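Shown next: upload.txt, given as compact mmCIF, C-alpha atoms and all ligand atoms.
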# COMPACT_ATOMS: atom_id res chain seq x y z
CA MET N 81 0.00 0.00 0.00
CA VAL N 82 2.75 2.44 0.92
CA LEU N 83 5.45 2.42 -1.70
CA ALA N 84 8.46 4.07 -0.11
CA THR N 85 10.52 4.40 -3.24
CA SER N 86 10.61 7.00 -5.95
CA SER N 87 9.96 6.25 -9.59
CA THR N 88 13.69 6.04 -10.17
CA GLY N 89 14.21 3.63 -7.30
CA ALA N 90 16.03 6.26 -5.27
CA PRO N 91 15.35 6.10 -1.54
CA LEU N 92 12.76 8.54 -0.25
CA HIS N 93 13.45 10.78 2.68
CA PRO N 94 11.27 9.29 5.36
CA PRO N 95 8.61 11.41 7.03
CA THR N 96 10.20 12.95 10.08
CA GLY N 97 7.17 14.39 11.85
CA THR N 98 4.50 12.77 13.94
CA LEU N 99 2.63 10.17 11.97
CA LEU N 100 -0.99 10.45 12.91
CA SER N 101 -2.80 7.28 13.68
CA LEU N 102 -6.40 8.27 14.12
CA GLY N 103 -8.80 5.40 14.38
CA HIS N 104 -6.14 2.77 14.95
CA PRO N 105 -6.76 0.95 18.19
CA GLY N 106 -3.75 1.76 20.31
CA GLY N 107 -2.44 4.04 17.59
CA GLY N 108 -0.50 7.24 17.88
CA ARG N 109 -1.69 10.51 19.28
CA LEU N 110 -3.96 12.96 17.53
CA ALA N 111 -2.11 15.84 15.90
CA PRO N 112 -2.82 18.64 13.42
CA MET N 113 -1.96 18.54 9.74
CA SER N 114 0.99 20.86 10.35
CA GLN N 115 2.73 17.93 12.04
CA VAL N 116 2.35 15.57 9.10
CA SER N 117 5.72 15.51 7.40
CA PHE N 118 6.52 14.43 3.90
CA GLY N 119 10.24 14.77 4.43
CA ALA N 120 12.06 18.09 4.30
CA ARG N 121 12.69 17.97 0.59
CA ALA N 122 12.12 15.90 -2.54
CA PRO N 123 11.83 13.04 -3.07
CA TYR N 124 8.89 13.24 -0.70
CA ALA N 125 7.42 10.19 0.99
CA LEU N 126 3.79 9.09 1.03
CA PRO N 127 2.24 9.36 4.49
CA PRO N 128 0.52 6.08 5.35
CA LEU N 129 -3.22 5.90 5.83
CA PRO N 130 -4.11 6.62 9.45
CA TYR N 131 -6.43 3.57 9.50
CA GLY N 132 -6.79 0.19 7.89
CA GLU N 133 -8.29 -0.04 4.42
CA THR N 134 -11.49 -1.67 5.71
CA GLU N 135 -12.12 0.73 8.58
CA LEU N 136 -14.19 3.24 6.63
CA GLU N 137 -16.59 0.63 5.28
CA PRO N 138 -19.39 0.67 4.36
CA VAL N 139 -19.16 4.39 3.50
CA ILE N 140 -15.88 3.96 1.60
CA SER N 141 -14.91 0.44 0.56
CA ALA N 142 -11.47 -1.05 1.03
CA ARG N 143 -11.24 -1.31 -2.77
CA THR N 144 -11.85 2.41 -3.21
CA LEU N 145 -9.46 3.31 -0.41
CA GLY N 146 -6.78 0.98 -1.72
CA PHE N 147 -6.89 2.43 -5.23
CA HIS N 148 -7.25 5.97 -3.98
CA HIS N 149 -4.25 5.87 -1.66
CA GLY N 150 -2.09 3.23 -3.32
CA ARG N 151 -2.59 4.30 -6.93
CA HIS N 152 -3.95 7.84 -7.15
CA HIS N 153 -2.17 9.45 -4.20
CA GLN N 154 0.99 7.45 -4.90
CA GLY N 155 0.73 8.41 -8.57
CA TYR N 156 0.75 12.12 -7.79
CA LEU N 157 3.71 11.59 -5.48
CA THR N 158 5.68 9.59 -8.03
CA THR N 159 5.06 12.23 -10.71
CA LEU N 160 5.97 15.06 -8.35
CA ASN N 161 9.25 13.42 -7.36
CA ARG N 162 10.09 12.89 -11.02
CA LEU N 163 9.29 16.51 -11.89
CA LEU N 164 11.38 17.83 -8.99
CA ALA N 165 14.43 15.68 -9.62
CA GLY N 166 17.23 18.20 -10.16
CA ASP N 167 14.90 21.19 -9.68
CA PRO N 168 15.83 23.74 -6.97
CA LEU N 169 12.18 23.66 -5.86
CA GLY N 170 12.82 20.15 -4.61
CA ALA N 171 14.83 21.58 -1.73
CA LEU N 172 11.69 23.19 -0.30
CA PRO N 173 9.04 21.77 2.01
CA LEU N 174 5.93 20.61 0.18
CA VAL N 175 3.73 23.55 1.17
CA ARG N 176 6.41 25.95 -0.07
CA VAL N 177 6.52 24.11 -3.40
CA ILE N 178 2.74 24.56 -3.69
CA ARG N 179 2.91 28.27 -2.88
CA GLU N 180 5.87 28.93 -5.18
CA THR N 181 4.14 27.33 -8.18
CA ALA N 182 0.49 28.32 -7.60
CA GLU N 183 0.68 31.30 -9.93
CA ASP N 184 3.38 30.13 -12.29
CA PRO N 185 1.90 28.95 -15.59
CA ALA N 186 5.23 27.38 -16.52
CA ARG N 187 5.04 25.08 -13.49
CA THR N 188 1.46 23.90 -13.61
CA ALA N 189 2.44 20.25 -13.58
CA ILE N 190 4.52 20.66 -10.42
CA PHE N 191 1.73 22.63 -8.75
CA ASP N 192 -0.95 20.12 -9.70
CA ASN N 193 0.96 17.13 -8.39
CA ALA N 194 2.32 18.87 -5.27
CA ALA N 195 -1.16 20.16 -4.39
CA GLN N 196 -2.73 16.75 -4.93
CA VAL N 197 -0.10 15.12 -2.70
CA TRP N 198 -0.92 17.60 0.07
CA ASN N 199 -4.70 17.51 -0.49
CA HIS N 200 -4.86 13.73 -0.23
CA SER N 201 -2.55 13.57 2.79
CA PHE N 202 -4.89 16.05 4.48
CA TYR N 203 -8.03 14.28 3.32
CA TRP N 204 -7.18 10.93 4.93
CA TYR N 205 -7.11 12.56 8.35
CA CYS N 206 -10.42 14.31 7.73
CA LEU N 207 -12.09 10.89 7.89
CA ARG N 208 -12.40 8.38 10.71
CA ARG N 209 -14.49 5.38 11.55
CA GLY N 210 -17.34 6.50 13.77
CA GLY N 211 -16.95 10.13 12.73
CA GLY N 212 -19.64 12.59 11.71
CA GLY N 213 -21.90 14.17 14.26
CA GLN N 214 -21.13 17.66 15.48
CA PRO N 215 -18.00 19.35 16.79
CA ALA N 216 -17.80 20.74 20.29
CA GLY N 217 -16.21 23.65 22.07
CA ARG N 218 -14.42 26.39 20.18
CA LEU N 219 -15.07 24.91 16.75
CA ALA N 220 -18.79 24.58 17.44
CA ALA N 221 -18.89 28.23 18.51
CA LEU N 222 -17.00 29.31 15.39
CA ILE N 223 -19.42 27.40 13.18
CA ASP N 224 -22.41 29.04 14.85
CA ARG N 225 -20.82 32.47 14.54
CA SER N 226 -19.74 32.00 10.93
CA PHE N 227 -22.74 30.18 9.46
CA GLY N 228 -25.58 30.76 11.92
CA SER N 229 -25.97 27.12 12.92
CA PHE N 230 -24.41 23.71 12.43
CA ALA N 231 -27.30 22.75 10.13
CA ALA N 232 -26.61 25.79 7.97
CA PHE N 233 -22.92 24.89 7.79
CA GLN N 234 -23.71 21.29 6.90
CA GLN N 235 -26.04 22.38 4.11
CA ARG N 236 -23.44 24.77 2.75
CA PHE N 237 -20.61 22.24 2.92
CA ALA N 238 -22.69 19.58 1.17
CA ALA N 239 -23.79 22.09 -1.47
CA ALA N 240 -20.16 23.03 -2.15
CA ALA N 241 -19.25 19.35 -2.57
CA MET N 242 -22.18 18.60 -4.82
CA SER N 243 -22.02 21.73 -6.95
CA GLN N 244 -18.33 21.51 -7.82
CA PHE N 245 -18.56 20.84 -11.56
CA GLY N 246 -16.20 18.04 -12.44
CA SER N 247 -13.23 17.16 -10.26
CA GLY N 248 -12.32 19.05 -7.13
CA TRP N 249 -12.67 19.49 -3.40
CA ALA N 250 -14.99 21.05 -0.83
CA TRP N 251 -13.32 22.72 2.16
CA LEU N 252 -14.00 24.10 5.58
CA CYS N 253 -11.34 26.71 6.31
CA GLU N 254 -10.48 29.32 8.91
CA GLU N 255 -9.24 32.78 8.08
CA GLY N 256 -8.83 35.58 10.58
CA GLY N 257 -11.14 34.09 13.18
CA ARG N 258 -13.94 33.18 10.78
CA LEU N 259 -14.82 29.97 9.00
CA LEU N 260 -15.39 29.69 5.27
CA VAL N 261 -16.73 26.98 3.00
CA LEU N 262 -14.85 26.86 -0.28
CA ARG N 263 -14.80 24.63 -3.29
CA THR N 264 -11.81 24.22 -5.56
CA ALA N 265 -11.39 22.64 -8.98
CA ASN N 266 -8.96 19.86 -9.81
CA ALA N 267 -5.82 20.23 -7.67
CA GLU N 268 -6.44 23.77 -6.46
CA THR N 269 -6.11 24.14 -2.73
CA PRO N 270 -6.50 26.73 0.01
CA ILE N 271 -3.14 25.68 1.49
CA ALA N 272 -1.65 27.74 -1.37
CA PHE N 273 -2.46 30.84 0.71
CA ALA N 274 -0.71 31.86 3.89
CA GLY N 275 -3.37 32.89 6.38
CA ILE N 276 -6.07 30.46 5.27
CA ASN N 277 -6.16 27.34 7.42
CA PRO N 278 -7.90 24.29 5.96
CA LEU N 279 -9.81 22.42 8.67
CA LEU N 280 -11.63 19.69 6.71
CA THR N 281 -12.06 18.59 3.12
CA ILE N 282 -14.09 16.17 1.01
CA ASP N 283 -12.60 14.81 -2.21
CA VAL N 284 -15.20 14.94 -4.98
CA TRP N 285 -13.07 13.58 -7.78
CA GLU N 286 -14.91 10.59 -9.21
CA HIS N 287 -12.06 8.29 -8.15
CA ALA N 288 -13.06 9.01 -4.53
CA TYR N 289 -16.49 7.39 -4.87
CA TYR N 290 -17.22 5.94 -8.31
CA LEU N 291 -16.49 2.29 -7.46
CA ASP N 292 -18.94 2.48 -4.54
CA TYR N 293 -21.54 5.03 -5.63
CA GLN N 294 -21.11 5.36 -9.43
CA ASN N 295 -22.61 8.75 -10.34
CA ARG N 296 -24.37 9.27 -6.98
CA ARG N 297 -22.03 11.92 -5.62
CA ALA N 298 -24.68 13.30 -3.25
CA ASP N 299 -25.11 9.91 -1.55
CA HIS N 300 -21.36 9.69 -1.04
CA VAL N 301 -21.06 13.25 0.26
CA ASN N 302 -23.95 12.86 2.69
CA ALA N 303 -22.55 9.58 4.01
CA VAL N 304 -19.10 11.11 4.51
CA ILE N 305 -20.51 14.15 6.31
CA GLY N 306 -22.82 12.06 8.46
CA GLN N 307 -20.53 9.16 9.32
CA LEU N 308 -16.87 9.91 8.68
CA LEU N 309 -15.91 13.56 9.23
CA ASN N 310 -13.20 13.81 11.87
CA TRP N 311 -14.09 16.87 13.92
CA GLN N 312 -11.24 16.28 16.38
CA PHE N 313 -8.77 16.67 13.52
CA ALA N 314 -10.60 19.77 12.29
CA GLU N 315 -10.33 21.39 15.72
CA LEU N 316 -6.61 20.62 15.89
CA ASN N 317 -6.13 22.51 12.64
CA LEU N 318 -7.51 25.72 14.11
CA PRO N 319 -4.77 28.27 14.75
CA PRO N 320 -4.12 29.22 18.37
CA GLU N 321 -6.90 31.34 19.76
CA ASN N 322 -6.23 35.04 19.37
CA PRO N 323 -8.82 37.35 20.88
CA ALA N 324 -7.33 40.35 19.13
CA GLN N 325 -8.95 39.87 15.75
CA PRO N 326 -8.17 42.36 13.03
CA ALA N 327 -10.76 45.10 12.97
CA MET N 328 -11.47 44.32 9.33
CA VAL N 329 -12.63 40.82 10.24
CA ALA N 330 -14.65 41.92 13.25
CA ALA N 331 -16.45 44.48 11.12
CA LEU N 332 -17.71 41.95 8.60
CA PRO N 333 -21.37 41.09 8.89
CA GLN N 334 -21.93 37.56 10.14
CA THR N 335 -23.80 36.69 7.01
CA ALA N 336 -21.01 37.80 4.66
CA SER N 337 -20.63 35.27 1.90
CA PRO N 338 -17.17 33.87 1.22
CA LEU N 339 -17.24 35.75 -2.05
CA ALA N 340 -17.86 39.03 -0.25
CA TYR N 341 -15.22 38.12 2.24
CA PHE N 342 -12.66 37.65 -0.50
CA ASP N 343 -13.70 40.82 -2.28
CA PRO N 344 -10.87 43.29 -1.76
CA ARG N 345 -13.44 46.09 -1.66
CA VAL N 346 -14.91 44.43 1.44
CA SER N 347 -11.74 43.22 3.07
CA PRO N 348 -8.82 45.31 1.84
CA GLY N 349 -5.53 43.54 2.10
CA ALA N 350 -7.14 40.17 2.75
CA THR N 351 -6.79 39.01 -0.81
CA THR N 352 -3.63 39.15 -2.78
CA GLY N 353 -2.77 37.41 -5.97
CA SER N 354 -4.72 36.35 -8.98
CA TYR N 355 -4.85 32.74 -7.81
CA LEU N 356 -7.07 33.69 -4.91
CA SER N 357 -9.20 35.85 -7.16
CA ARG N 358 -9.69 32.93 -9.51
CA LEU N 359 -10.58 30.72 -6.57
CA ALA N 360 -13.10 33.22 -5.25
CA ARG N 361 -14.81 33.63 -8.60
CA ARG N 362 -15.81 30.00 -8.59
CA LEU N 363 -17.72 30.15 -5.32
MN MN3 R 1 -8.59 11.86 -4.76
Please rewrite the model in this file as structure tokens.
Amino acid sequence: MVLATSSTGAPLHPPTGTLLSLGHPGGGRLAPMSQVSFGARAPYALPPLPYGETELEPVISARTLGFHHGRHHQGYLTTLNRLLAGDPLGALPLVRVIRETAEDPARTAIFDNAAQVWNHSFYWYCLRRGGGGQPAGRLAALIDRSFGSFAAFQQRFAAAAMSQFGSGWAWLCEEGGRLLVLRTANAETPIAFAGINPLLTIDVWEHAYYLDYQNRRADHVNAVIGQLLNWQFAELNLPPENPAQPAMVAALPQTASPLAYFDPRVSPGATTGSYLSRLARRL
């Protein structure tokens, strides 16, 4: 399942950070995504699944999970390592590679594969056997404040997942003390932006559900939200609490849409770069 070699047979730098083991009986401790390491530089290593391939059944079958992690995720990683061989970008941590290439049309292939490696590594931890339900504590309060209610959030998150045309991702993110629901196409990812903290995601590429649900994306999305979302992981991805929010954020109406939030006329200085503008236009 985990193929710890590059396409050229060169040894991979092993992950050096905490390997999360959510859902494994007796497994490792719970930790945020920032502690998942791919190795300091290319060739990056594939983080193992934090659970066994059968543990998400019946929502996601072992067959789907095996192909998704062992073939799709590994495929992005193998391609990325090949593309970075001999490239100075390969000396950077994975998130830096994503941010350096996000707006560079000459490096689309590196961006796409680097972003997909990160997105999938994040996605595995967003799921757990016996997940779903509602978050508690600070995250629950943020959801109420940002969306009005948990039900309103859930509806918005599901709508983002279902309305993404073609391949992509639905996200719950934090920015400046508020939560946002985003959807991105193909490999695009909010981790490309400093200051936006992804909390949870759902993969809506067909490879994530087609073997189990065929074209019934909504059934898959609803089952994932209801039974698999890992709210403990989401809470760990929140930045440290900071009561001194920027005045710009505090001044936003609670009902501000993500699009309004990204609009530089509404939140000056909050959006920089055409990549973010392109992302916002798709909401
Ligand atoms: Mn996928």
*Do you know which residues are within 12 Å of ligand MN3 1 (chain R) using all atoms listed in the file? Can you write them as a PyMOL selection string?*
chain N and resi 144-156+193+195-204+247-250+265-267+281-290
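Pairwise distance (CA of Leu222 (chain N), CA of Gln244 (chain N)) equals 24.5 Å.
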Could you make a table, as a tab-separated table, of the residues of region 260-309 of chain N that have an atom within 10 Å of an atom of region 227-239 of chain N, each with its nearest atom pair and distance in Å to one decimal, counting only C-alpha atoms, in chain and number order?
residue	atom	partner	partner_atom	distance
N:Leu260	CA	N:Phe227	CA	8.5
N:Val261	CA	N:Phe237	CA	6.1
N:Leu262	CA	N:Phe237	CA	8.0
N:Arg263	CA	N:Phe237	CA	8.8
N:Thr281	CA	N:Phe237	CA	9.3
N:Ile282	CA	N:Phe237	CA	9.1
N:Ala298	CA	N:Ala238	CA	7.9
N:Val301	CA	N:Ala238	CA	6.6
N:Asn302	CA	N:Ala238	CA	7.0
N:Val304	CA	N:Ala238	CA	9.8
N:Ile305	CA	N:Ala238	CA	7.8
N:Gly306	CA	N:Gln234	CA	9.4
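CA of Gly217 (chain N) sits 24.5 Å away from CA of Ile271 (chain N).
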To one decimal in Å, tell me the separation between CA of Glu254 (chain N) and CA of Pro278 (chain N).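 A separation of 6.4 Å between them.
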Q.
When you count all atoms listed in the file, which of these residues is closest to Ala120 (chain N): N:Arg162, N:Arg176, N:Arg208, N:Arg143?
A.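 With all atoms listed in the file as the atom set, the closest residue is N:Arg176.
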Using only C-alpha atoms, the shortest atom-to-atom distance to Ser226 (chain N) among N:Glu255, N:Pro123, N:Ala189, N:Pro138 belongs to N:Glu255
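Using all atoms listed in the file, the shortest contact distance between Val175 (chain N) and any of N:Gly119, N:Gly212, N:Pro319, N:Gly256 is found at N:Gly119.
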